[in-house]
Amino acid sequence: MHTSAHPIPQHFGPNWLQKAPMLRLLVPFMAGILLQYHFSITFLTLLVGGLGGCLLLTAFQLLPLAWRYHWFWVKGCILQFIFIVLGMSVYTLQVQQTQPAPLLQPGKQEILVQFDEPLTERDKTYKGVATLQQQIVKGRPQMAKGKIILYFQKDTALLRHIPAIQAGTLLLMQATVQPIANSGNPGAFNYIAWCHRKGIYYQSFVPMRQCVVVTGGHLSTLQTTLWQLRKGVLQILDQYIPDKDARGVAAALLIGYRNYLDRELVQAYSNVGVVHIIAISGLHLGMIYGLLFFLLAPLERSAKWRPVKYCLMLSVIWLFTAIAGGVPSIARSAVMFSFIILGQWLNRNTHIYNNLAASAFFLLLYNPFNLWDVGFQLSYAAVLSIVLFQPIIQQQLNWPGLLKKIGQLMAITLAAQILTLPISWYHFHQFPVYFLLANIWVVPLSGLLLYGLMALLLVHSWPAVAVLFGKFLNNGIEWMNAGITAIDHWPHAIWGGIQINAWQTGCVIIAIAGMGYWFLQKTTAGIYWALLATLLFAGIRSADLLEKQQQTKLIVYQVPKTTAIDIIQGRNCRFIGAPEFLQNGYLRNFHLQPSRILHRIQTIQVLDTQLTAPKIITLQQKQIVWLNNRLTLPSLPAPSIHPEVVILSQNPNVSLLEIHRQWPCKQFVADGSNSLWKINQWKKEAEALHLRLHSIPESGAFTLNL
């Protein structure tokens, strides 16, 4: 009898979909969330639709058995419709719940806020997220709703109050409240959408001298306890892990606290492909689950103590999840491990797809915005990819002896990348070339370090022992950091500049799914789907490349207190801007690189970083005038044609009327290097002269297609 070289994994058989009913409910539920995001159907319409679906389902159940059996697919369609409406309704309710109450007074306001977390230190400020409680209007308190990001400049007044500002502290302040805004830079992260999904709509820079600490401790007992536990863990790490970078990694590894992490070190972890080590996830919870299963194994032998074992496992897993902040990646894992533990307790081996679908369903039911969370997407893609492809890869790496464990780890690492790759390309535009080599030693080492950190918490009451543990852990984390930094500096460590849109990402996922289906089921349908998705991907990419070859654009970037201008022709770019962009990789990658990836730029020519003389730039038989603070009007000749735009930088001491006389132009752009008072002065002039002035600090980046 012929046997396949690649047998179907036990979890993937002909009736696998019937064993995963939650998956059949999750798909329409997610579709409903996405439909409501794009079309915004009124809640009343959804209510009528949902009631209509329930009535249809009830009527169908009253039909004779023979009819129900013959028209069984009708019941399936009705159920799909009901869960689509449920997804749309849940999304609508979440949007309504996170909407803020309008702030009644424009400009400076007196508001009462309650901090959701302690202040975190930044380079020049302290930052905190708080919930609006009240706004004081004409001496009377009015209801306020929504969250606000507060920035406090470092000064002696703030330093005196930092110990008093903890989670739950009430603060009464005079603040100029502003809505959350995007930079507007092409390709940049959508900061507004990210904040709004967290219920954050406002931000303010507040002098501490205009604030009064009212009182503290207004969180629930559970919240207060969790914050105290987290604070206690951080104090233990501060005491026994001396190196700053090692302490930051320890806090991230143990409880997901990332405020101690160095920005360049995080980038190195990301570049090498091991950022999941410091982004707390199912990997950490899996390690804790394995340790608990091993330590509590003796309780399994006794019927009396068996329930205690599973109750302890559930309690520890959810306590760890709560202390870690309940981020979607670990909450998903906690829900999934809870299903596994309950199944073991009841002696039922639940289907892995059903566990995944159930955990995703409940997380999305609780907060449908999780669907847009990158960690949520990557977490599910990684687990699903491991479930599907790890047994196949493992069969090819079935090495003997000690190499077997290395083969197993390589199989898991390679499998996890298969479905996460297109998502990573879409969000991060890069691929870590040495991810396999890094994961082979980092994952086991991080597991040992996690167990060591947990042991440190247990022995911290014995200082002599805790010091030894701390020294060992500090050295281990330093060694891990040094290894990751070294790999990051290897040649070609990053394949960057990857640009795929959402449609292309979908095509890649469909192609992978088709090939996987063919490999597992040996049916040609998978090949056809993969080929169709590949051709569609190639078509979309070709059309985009053709468009980019013909583009001509001027982009003035939103960068605080400096100048950054890209002049794009085809896939080539000329840059005018401050020298910091050539010296500071983070500044360049954060502000400029997303736009250059979006526009598929191949070559970059630095036109000017000295910014000492005004310029006239000709582009597609059109002219752009760039003026700076060294301008004297006769220093530049009047162009032969009227310029398309005049860019103002570094507070040139000249009026718009004078500029307009020499360079007649209706579009002016004031970049971020100008003072706000100067921009306001120009705005008044522009209004009087019926000219258009684009203020970069207020309106975001300026893009002109030529």
# chains A, B, ... in the order shown; residues from 1 in each chain; ligands from 1
$ select_by_dssp --residues "region 19-219 of chain A" --states "alpha helix (DSSP H)" --output "ChimeraX atom specification"
/A:21-39,43-61,65-70,72-98,156-161,191-196
$ write_last_selection --atoms "C-alpha atoms" --output "compact mmCIF listing (two decimals), in the first residue's frame"
# COMPACT_ATOMS: atom_id res chain seq x y z
CA PRO A 21 -17.62 25.14 14.95
CA MET A 22 -16.17 28.37 16.39
CA LEU A 23 -14.17 28.87 13.20
CA ARG A 24 -17.39 28.80 11.16
CA LEU A 25 -18.79 31.51 13.45
CA LEU A 26 -15.60 33.57 13.64
CA VAL A 27 -15.33 34.19 9.89
CA PRO A 28 -18.74 35.93 9.47
CA PHE A 29 -18.22 37.76 12.77
CA MET A 30 -14.92 39.23 11.50
CA ALA A 31 -16.56 40.01 8.16
CA GLY A 32 -19.25 41.97 10.01
CA ILE A 33 -16.62 44.03 11.87
CA LEU A 34 -14.89 44.92 8.59
CA LEU A 35 -18.16 45.70 6.81
CA GLN A 36 -19.24 48.09 9.56
CA TYR A 37 -15.80 49.75 9.52
CA HIS A 38 -16.19 50.52 5.81
CA PHE A 39 -19.94 51.23 5.49
CA PHE A 43 -27.53 50.70 14.75
CA LEU A 44 -31.32 50.71 14.26
CA THR A 45 -30.89 49.00 10.87
CA LEU A 46 -28.59 46.42 12.46
CA LEU A 47 -31.10 45.80 15.25
CA VAL A 48 -33.90 45.21 12.73
CA GLY A 49 -31.63 42.92 10.69
CA GLY A 50 -30.58 40.93 13.74
CA LEU A 51 -34.16 40.46 14.95
CA GLY A 52 -35.20 39.48 11.43
CA GLY A 53 -32.43 36.88 11.28
CA CYS A 54 -33.45 35.41 14.65
CA LEU A 55 -37.11 35.22 13.53
CA LEU A 56 -36.08 33.46 10.31
CA LEU A 57 -34.00 30.98 12.28
CA THR A 58 -36.93 30.30 14.64
CA ALA A 59 -39.31 29.84 11.70
CA PHE A 60 -36.89 27.43 10.06
CA GLN A 61 -36.68 25.34 13.24
CA LEU A 65 -37.84 17.56 9.88
CA ALA A 66 -37.69 16.41 6.25
CA TRP A 67 -37.74 20.02 5.01
CA ARG A 68 -35.05 21.05 7.49
CA TYR A 69 -32.90 18.14 6.37
CA HIS A 70 -33.34 18.94 2.66
CA PHE A 72 -30.05 22.43 5.78
CA TRP A 73 -27.89 24.99 3.95
CA VAL A 74 -30.56 27.66 4.54
CA LYS A 75 -29.98 27.38 8.28
CA GLY A 76 -26.26 27.85 7.72
CA CYS A 77 -26.86 30.99 5.66
CA ILE A 78 -29.18 32.45 8.34
CA LEU A 79 -26.57 31.76 11.05
CA GLN A 80 -23.87 33.39 8.93
CA PHE A 81 -26.08 36.46 8.48
CA ILE A 82 -26.80 36.68 12.23
CA PHE A 83 -23.10 36.61 13.08
CA ILE A 84 -22.30 39.18 10.41
CA VAL A 85 -24.89 41.49 12.03
CA LEU A 86 -23.44 40.66 15.47
CA GLY A 87 -19.97 41.71 14.31
CA MET A 88 -21.32 44.96 12.88
CA SER A 89 -23.25 45.67 16.09
CA VAL A 90 -20.29 44.98 18.38
CA TYR A 91 -18.12 47.32 16.32
CA THR A 92 -20.76 50.06 16.47
CA LEU A 93 -21.12 49.75 20.26
CA GLN A 94 -17.34 49.86 20.73
CA VAL A 95 -17.07 53.03 18.64
CA GLN A 96 -19.85 54.66 20.67
CA GLN A 97 -18.25 53.59 23.93
CA THR A 98 -14.87 55.10 23.09
CA THR A 156 11.85 71.10 39.70
CA ALA A 157 8.09 71.49 40.20
CA LEU A 158 7.43 68.23 38.37
CA LEU A 159 10.20 66.33 40.15
CA ARG A 160 8.60 67.18 43.50
CA HIS A 161 5.24 65.75 42.41
CA TYR A 191 -1.35 57.60 14.90
CA ILE A 192 -4.89 59.02 15.04
CA ALA A 193 -6.52 55.66 14.30
CA TRP A 194 -4.23 53.88 16.76
CA CYS A 195 -5.11 56.33 19.56
CA HIS A 196 -8.84 56.40 18.79
$ residues_around --residues "region 368-381 of chain A" --least-positions-apart "2" --cutoff "10 Å" --atoms "only C-alpha atoms" --output "NGL selection string"
:A and (29-30 or 33-34 or 87-88 or 90-95 or 193-194 or 196-198 or 276 or 279-283 or 327-333 or 356-357 or 359-366 or 383-387 or 416-424 or 427)
$ select_by_dssp --residues "region 203-372 of chain A" --states "strand (DSSP E)" --output "ChimeraX atom specification"
/A:203-206,211-215
$ write_last_selection --atoms "N, CA and C atoms" --output "PDB file, in the first residue's frame"
ATOM      1  N   GLN A 203      -4.537  65.455  23.496  1.00  0.00           N
ATOM      2  CA  GLN A 203      -3.188  65.533  24.040  1.00  0.00           C
ATOM      3  C   GLN A 203      -2.952  66.953  24.534  1.00  0.00           C
ATOM      4  N   SER A 204      -1.992  67.077  25.453  1.00  0.00           N
ATOM      5  CA  SER A 204      -1.712  68.410  25.988  1.00  0.00           C
ATOM      6  C   SER A 204      -0.319  68.434  26.596  1.00  0.00           C
ATOM      7  N   PHE A 205       0.372  69.557  26.403  1.00  0.00           N
ATOM      8  CA  PHE A 205       1.652  69.814  27.065  1.00  0.00           C
ATOM      9  C   PHE A 205       1.353  70.742  28.240  1.00  0.00           C
ATOM     10  N   VAL A 206       1.614  70.260  29.458  1.00  0.00           N
ATOM     11  CA  VAL A 206       1.125  70.931  30.663  1.00  0.00           C
ATOM     12  C   VAL A 206       2.286  71.340  31.572  1.00  0.00           C
ATOM     13  N   CYS A 211      -0.855  72.765  37.802  1.00  0.00           N
ATOM     14  CA  CYS A 211      -1.558  71.537  38.199  1.00  0.00           C
ATOM     15  C   CYS A 211      -1.644  71.440  39.715  1.00  0.00           C
ATOM     16  N   VAL A 212      -2.699  70.787  40.186  1.00  0.00           N
ATOM     17  CA  VAL A 212      -2.875  70.516  41.615  1.00  0.00           C
ATOM     18  C   VAL A 212      -3.222  69.037  41.768  1.00  0.00           C
ATOM     19  N   VAL A 213      -2.423  68.316  42.558  1.00  0.00           N
ATOM     20  CA  VAL A 213      -2.729  66.920  42.851  1.00  0.00           C
ATOM     21  C   VAL A 213      -3.861  66.899  43.867  1.00  0.00           C
ATOM     22  N   VAL A 214      -5.030  66.392  43.427  1.00  0.00           N
ATOM     23  CA  VAL A 214      -6.209  66.401  44.294  1.00  0.00           C
ATOM     24  C   VAL A 214      -6.135  65.275  45.303  1.00  0.00           C
ATOM     25  N   THR A 215      -6.018  64.070  44.814  1.00  0.00           N
ATOM     26  CA  THR A 215      -5.925  62.913  45.707  1.00  0.00           C
ATOM     27  C   THR A 215      -5.512  61.724  44.870  1.00  0.00           C
TER      28      THR A 215
END
$ closest_residue --among "A:Ala297, A:Ala334, A:Ile487, A:Ala188" --to "Ala701 (chain A)" --atoms "only C-alpha atoms"
A:Ala188
$ residues_around --residues "Leu545 (chain A)" --least-positions-apart "2" --cutoff "12 Å" --atoms "only C-alpha atoms" --output "ChimeraX atom specification"
/A:499-500,538-543,547-551,570-571,598-602
$ residues_around --residues "Val459 (chain A)" --least-positions-apart "4" --cutoff "12 Å" --atoms "only C-alpha atoms" --output "list in words"
Ile236, Tyr240, Gly452, Leu453, Met454, Ala455, Pro463, Ala464, Val465, Ala466, Val467, Leu468, Phe469 and Gly470 of chain A
$ closest_residue --among "A:Glu478, A:Gln621, A:Trp626, A:Gly273" --to "Leu436 (chain A)" --atoms "only C-alpha atoms"
A:Gly273
$ residues_around --residues "region 683-699 of chain A" --least-positions-apart "5" --cutoff "7 Å" --atoms "only C-alpha atoms" --output "list in words"
Gln558, Leu656, Lys666, Gln667, Phe668, Val669, Ala670, Asp671 and Gly672 of chain A
$ write_last_selection --atoms "N, CA, C and O atoms" --output "short mmCIF file (atom, residue, chain, number, x, y, z; two decimals), in the first residue's frame"
data_model
loop_
_atom_site.label_atom_id
_atom_site.label_comp_id
_atom_site.auth_asym_id
_atom_site.auth_seq_id
_atom_site.Cartn_x
_atom_site.Cartn_y
_atom_site.Cartn_z
N GLN A 558 6.44 66.92 7.76
CA GLN A 558 6.15 67.43 9.10
C GLN A 558 7.19 66.86 10.05
O GLN A 558 7.12 65.71 10.47
N LEU A 656 4.60 88.19 3.12
CA LEU A 656 4.10 87.48 1.95
C LEU A 656 3.86 88.45 0.79
O LEU A 656 4.00 88.07 -0.38
N LYS A 666 0.25 81.62 -5.62
CA LYS A 666 -0.90 81.55 -4.72
C LYS A 666 -0.76 80.49 -3.63
O LYS A 666 -1.60 80.41 -2.74
N GLN A 667 0.28 79.66 -3.71
CA GLN A 667 0.45 78.60 -2.71
C GLN A 667 1.78 78.78 -1.97
O GLN A 667 2.85 78.72 -2.56
N PHE A 668 1.67 79.03 -0.66
CA PHE A 668 2.84 79.14 0.20
C PHE A 668 2.81 78.00 1.22
O PHE A 668 1.73 77.57 1.65
N VAL A 669 3.99 77.55 1.60
CA VAL A 669 4.12 76.48 2.58
C VAL A 669 5.11 76.91 3.64
O VAL A 669 6.26 77.26 3.32
N ALA A 670 4.69 76.90 4.91
CA ALA A 670 5.58 77.23 6.03
C ALA A 670 5.91 75.93 6.76
O ALA A 670 5.03 75.28 7.31
N ASP A 671 7.20 75.54 6.74
CA ASP A 671 7.55 74.24 7.33
C ASP A 671 7.78 74.35 8.83
O ASP A 671 7.62 75.42 9.44
N GLY A 672 8.15 73.22 9.44
CA GLY A 672 8.24 73.15 10.90
C GLY A 672 9.40 73.91 11.50
O GLY A 672 9.46 74.06 12.73
#
$ residues_around --residues "Ala101 (chain A)" --least-positions-apart "5" --cutoff "8 Å" --atoms "only C-alpha atoms" --output "VMD selection string"
chain A and resid 143 to 146
$ atom_distance --atom1 "CA of Trp318 (chain A)" --atom2 "CA of Gln223 (chain A)"
13.8 Å
$ closest_residue --among "A:Asn501, A:Gln396, A:Asn271, A:Asn572" --to "Phe537 (chain A)" --atoms "only C-alpha atoms"
A:Asn501
$ atom_distance --atom1 "CA of Val625 (chain A)" --atom2 "CA of Asn653 (chain A)"
15.9 Å
$ atom_distance --atom1 "CA of Val316 (chain A)" --atom2 "CA of Leu445 (chain A)"
22.6 Å
$ decode --residues "region 403-436 of chain A" --atoms "N, CA and C atoms" --output "PDB file, in the first residue's frame"
ATOM      1  N   LEU A 403      20.912  16.520  17.880  1.00  0.00           N
ATOM      2  CA  LEU A 403      20.466  17.451  16.842  1.00  0.00           C
ATOM      3  C   LEU A 403      18.949  17.492  16.708  1.00  0.00           C
ATOM      4  N   LYS A 404      18.270  16.514  17.314  1.00  0.00           N
ATOM      5  CA  LYS A 404      16.816  16.448  17.178  1.00  0.00           C
ATOM      6  C   LYS A 404      16.145  17.687  17.773  1.00  0.00           C
ATOM      7  N   LYS A 405      16.616  18.127  18.958  1.00  0.00           N
ATOM      8  CA  LYS A 405      16.026  19.311  19.596  1.00  0.00           C
ATOM      9  C   LYS A 405      16.257  20.561  18.754  1.00  0.00           C
ATOM     10  N   ILE A 406      17.462  20.656  18.158  1.00  0.00           N
ATOM     11  CA  ILE A 406      17.732  21.801  17.291  1.00  0.00           C
ATOM     12  C   ILE A 406      16.808  21.765  16.081  1.00  0.00           C
ATOM     13  N   GLY A 407      16.603  20.573  15.529  1.00  0.00           N
ATOM     14  CA  GLY A 407      15.689  20.433  14.397  1.00  0.00           C
ATOM     15  C   GLY A 407      14.274  20.827  14.752  1.00  0.00           C
ATOM     16  N   GLN A 408      13.823  20.464  15.961  1.00  0.00           N
ATOM     17  CA  GLN A 408      12.473  20.831  16.395  1.00  0.00           C
ATOM     18  C   GLN A 408      12.335  22.348  16.519  1.00  0.00           C
ATOM     19  N   LEU A 409      13.357  22.983  17.100  1.00  0.00           N
ATOM     20  CA  LEU A 409      13.313  24.434  17.262  1.00  0.00           C
ATOM     21  C   LEU A 409      13.342  25.128  15.901  1.00  0.00           C
ATOM     22  N   MET A 410      14.156  24.635  14.986  1.00  0.00           N
ATOM     23  CA  MET A 410      14.203  25.206  13.635  1.00  0.00           C
ATOM     24  C   MET A 410      12.858  25.034  12.930  1.00  0.00           C
ATOM     25  N   ALA A 411      12.234  23.872  13.129  1.00  0.00           N
ATOM     26  CA  ALA A 411      10.932  23.628  12.493  1.00  0.00           C
ATOM     27  C   ALA A 411       9.891  24.614  12.986  1.00  0.00           C
ATOM     28  N   ILE A 412       9.861  24.862  14.289  1.00  0.00           N
ATOM     29  CA  ILE A 412       8.902  25.824  14.856  1.00  0.00           C
ATOM     30  C   ILE A 412       9.179  27.227  14.335  1.00  0.00           C
ATOM     31  N   THR A 413      10.469  27.613  14.316  1.00  0.00           N
ATOM     32  CA  THR A 413      10.840  28.961  13.876  1.00  0.00           C
ATOM     33  C   THR A 413      10.496  29.177  12.411  1.00  0.00           C
ATOM     34  N   LEU A 414      10.852  28.210  11.574  1.00  0.00           N
ATOM     35  CA  LEU A 414      10.546  28.335  10.147  1.00  0.00           C
ATOM     36  C   LEU A 414       9.039  28.332   9.900  1.00  0.00           C
ATOM     37  N   ALA A 415       8.330  27.454  10.598  1.00  0.00           N
ATOM     38  CA  ALA A 415       6.872  27.382  10.410  1.00  0.00           C
ATOM     39  C   ALA A 415       6.202  28.687  10.806  1.00  0.00           C
ATOM     40  N   ALA A 416       6.641  29.281  11.907  1.00  0.00           N
ATOM     41  CA  ALA A 416       6.018  30.519  12.379  1.00  0.00           C
ATOM     42  C   ALA A 416       6.173  31.660  11.383  1.00  0.00           C
ATOM     43  N   GLN A 417       7.250  31.630  10.572  1.00  0.00           N
ATOM     44  CA  GLN A 417       7.502  32.717   9.635  1.00  0.00           C
ATOM     45  C   GLN A 417       6.601  32.666   8.408  1.00  0.00           C
ATOM     46  N   ILE A 418       6.056  31.495   8.084  1.00  0.00           N
ATOM     47  CA  ILE A 418       5.382  31.325   6.788  1.00  0.00           C
ATOM     48  C   ILE A 418       4.182  32.257   6.644  1.00  0.00           C
ATOM     49  N   LEU A 419       3.301  32.292   7.644  1.00  0.00           N
ATOM     50  CA  LEU A 419       2.121  33.156   7.558  1.00  0.00           C
ATOM     51  C   LEU A 419       2.356  34.549   8.132  1.00  0.00           C
ATOM     52  N   THR A 420       3.387  34.704   8.967  1.00  0.00           N
ATOM     53  CA  THR A 420       3.657  36.044   9.514  1.00  0.00           C
ATOM     54  C   THR A 420       4.431  36.917   8.531  1.00  0.00           C
ATOM     55  N   LEU A 421       5.118  36.301   7.563  1.00  0.00           N
ATOM     56  CA  LEU A 421       5.922  37.090   6.630  1.00  0.00           C
ATOM     57  C   LEU A 421       5.118  38.153   5.891  1.00  0.00           C
ATOM     58  N   PRO A 422       4.000  37.794   5.221  1.00  0.00           N
ATOM     59  CA  PRO A 422       3.270  38.849   4.494  1.00  0.00           C
ATOM     60  C   PRO A 422       2.745  39.949   5.405  1.00  0.00           C
ATOM     61  N   ILE A 423       2.347  39.594   6.624  1.00  0.00           N
ATOM     62  CA  ILE A 423       1.862  40.610   7.565  1.00  0.00           C
ATOM     63  C   ILE A 423       3.006  41.526   7.987  1.00  0.00           C
ATOM     64  N   SER A 424       4.189  40.945   8.250  1.00  0.00           N
ATOM     65  CA  SER A 424       5.371  41.742   8.612  1.00  0.00           C
ATOM     66  C   SER A 424       5.792  42.643   7.458  1.00  0.00           C
ATOM     67  N   TRP A 425       5.763  42.115   6.242  1.00  0.00           N
ATOM     68  CA  TRP A 425       6.113  42.945   5.086  1.00  0.00           C
ATOM     69  C   TRP A 425       5.168  44.132   4.965  1.00  0.00           C
ATOM     70  N   TYR A 426       3.892  43.887   5.190  1.00  0.00           N
ATOM     71  CA  TYR A 426       2.899  44.955   5.043  1.00  0.00           C
ATOM     72  C   TYR A 426       3.098  46.053   6.087  1.00  0.00           C
ATOM     73  N   HIS A 427       3.336  45.657   7.337  1.00  0.00           N
ATOM     74  CA  HIS A 427       3.419  46.644   8.414  1.00  0.00           C
ATOM     75  C   HIS A 427       4.822  47.240   8.576  1.00  0.00           C
ATOM     76  N   PHE A 428       5.869  46.420   8.415  1.00  0.00           N
ATOM     77  CA  PHE A 428       7.225  46.853   8.781  1.00  0.00           C
ATOM     78  C   PHE A 428       8.158  46.990   7.584  1.00  0.00           C
ATOM     79  N   HIS A 429       7.765  46.497   6.419  1.00  0.00           N
ATOM     80  CA  HIS A 429       8.511  46.696   5.168  1.00  0.00           C
ATOM     81  C   HIS A 429       9.940  46.151   5.224  1.00  0.00           C
ATOM     82  N   GLN A 430      10.163  45.090   5.994  1.00  0.00           N
ATOM     83  CA  GLN A 430      11.502  44.529   6.066  1.00  0.00           C
ATOM     84  C   GLN A 430      11.443  43.048   6.408  1.00  0.00           C
ATOM     85  N   PHE A 431      12.566  42.374   6.159  1.00  0.00           N
ATOM     86  CA  PHE A 431      12.674  40.951   6.458  1.00  0.00           C
ATOM     87  C   PHE A 431      14.029  40.691   7.108  1.00  0.00           C
ATOM     88  N   PRO A 432      14.042  40.106   8.331  1.00  0.00           N
ATOM     89  CA  PRO A 432      15.320  39.808   8.997  1.00  0.00           C
ATOM     90  C   PRO A 432      15.970  38.561   8.378  1.00  0.00           C
ATOM     91  N   VAL A 433      17.089  38.737   7.728  1.00  0.00           N
ATOM     92  CA  VAL A 433      17.728  37.657   6.974  1.00  0.00           C
ATOM     93  C   VAL A 433      18.223  36.548   7.897  1.00  0.00           C
ATOM     94  N   TYR A 434      18.717  36.913   9.076  1.00  0.00           N
ATOM     95  CA  TYR A 434      19.331  35.920   9.967  1.00  0.00           C
ATOM     96  C   TYR A 434      18.386  35.485  11.094  1.00  0.00           C
ATOM     97  N   PHE A 435      17.075  35.554  10.847  1.00  0.00           N
ATOM     98  CA  PHE A 435      16.116  35.247  11.912  1.00  0.00           C
ATOM     99  C   PHE A 435      16.256  33.820  12.417  1.00  0.00           C
ATOM    100  N   LEU A 436      16.538  32.868  11.524  1.00  0.00           N
ATOM    101  CA  LEU A 436      16.612  31.462  11.935  1.00  0.00           C
ATOM    102  C   LEU A 436      17.788  31.234  12.870  1.00  0.00           C
TER     103      LEU A 436
END
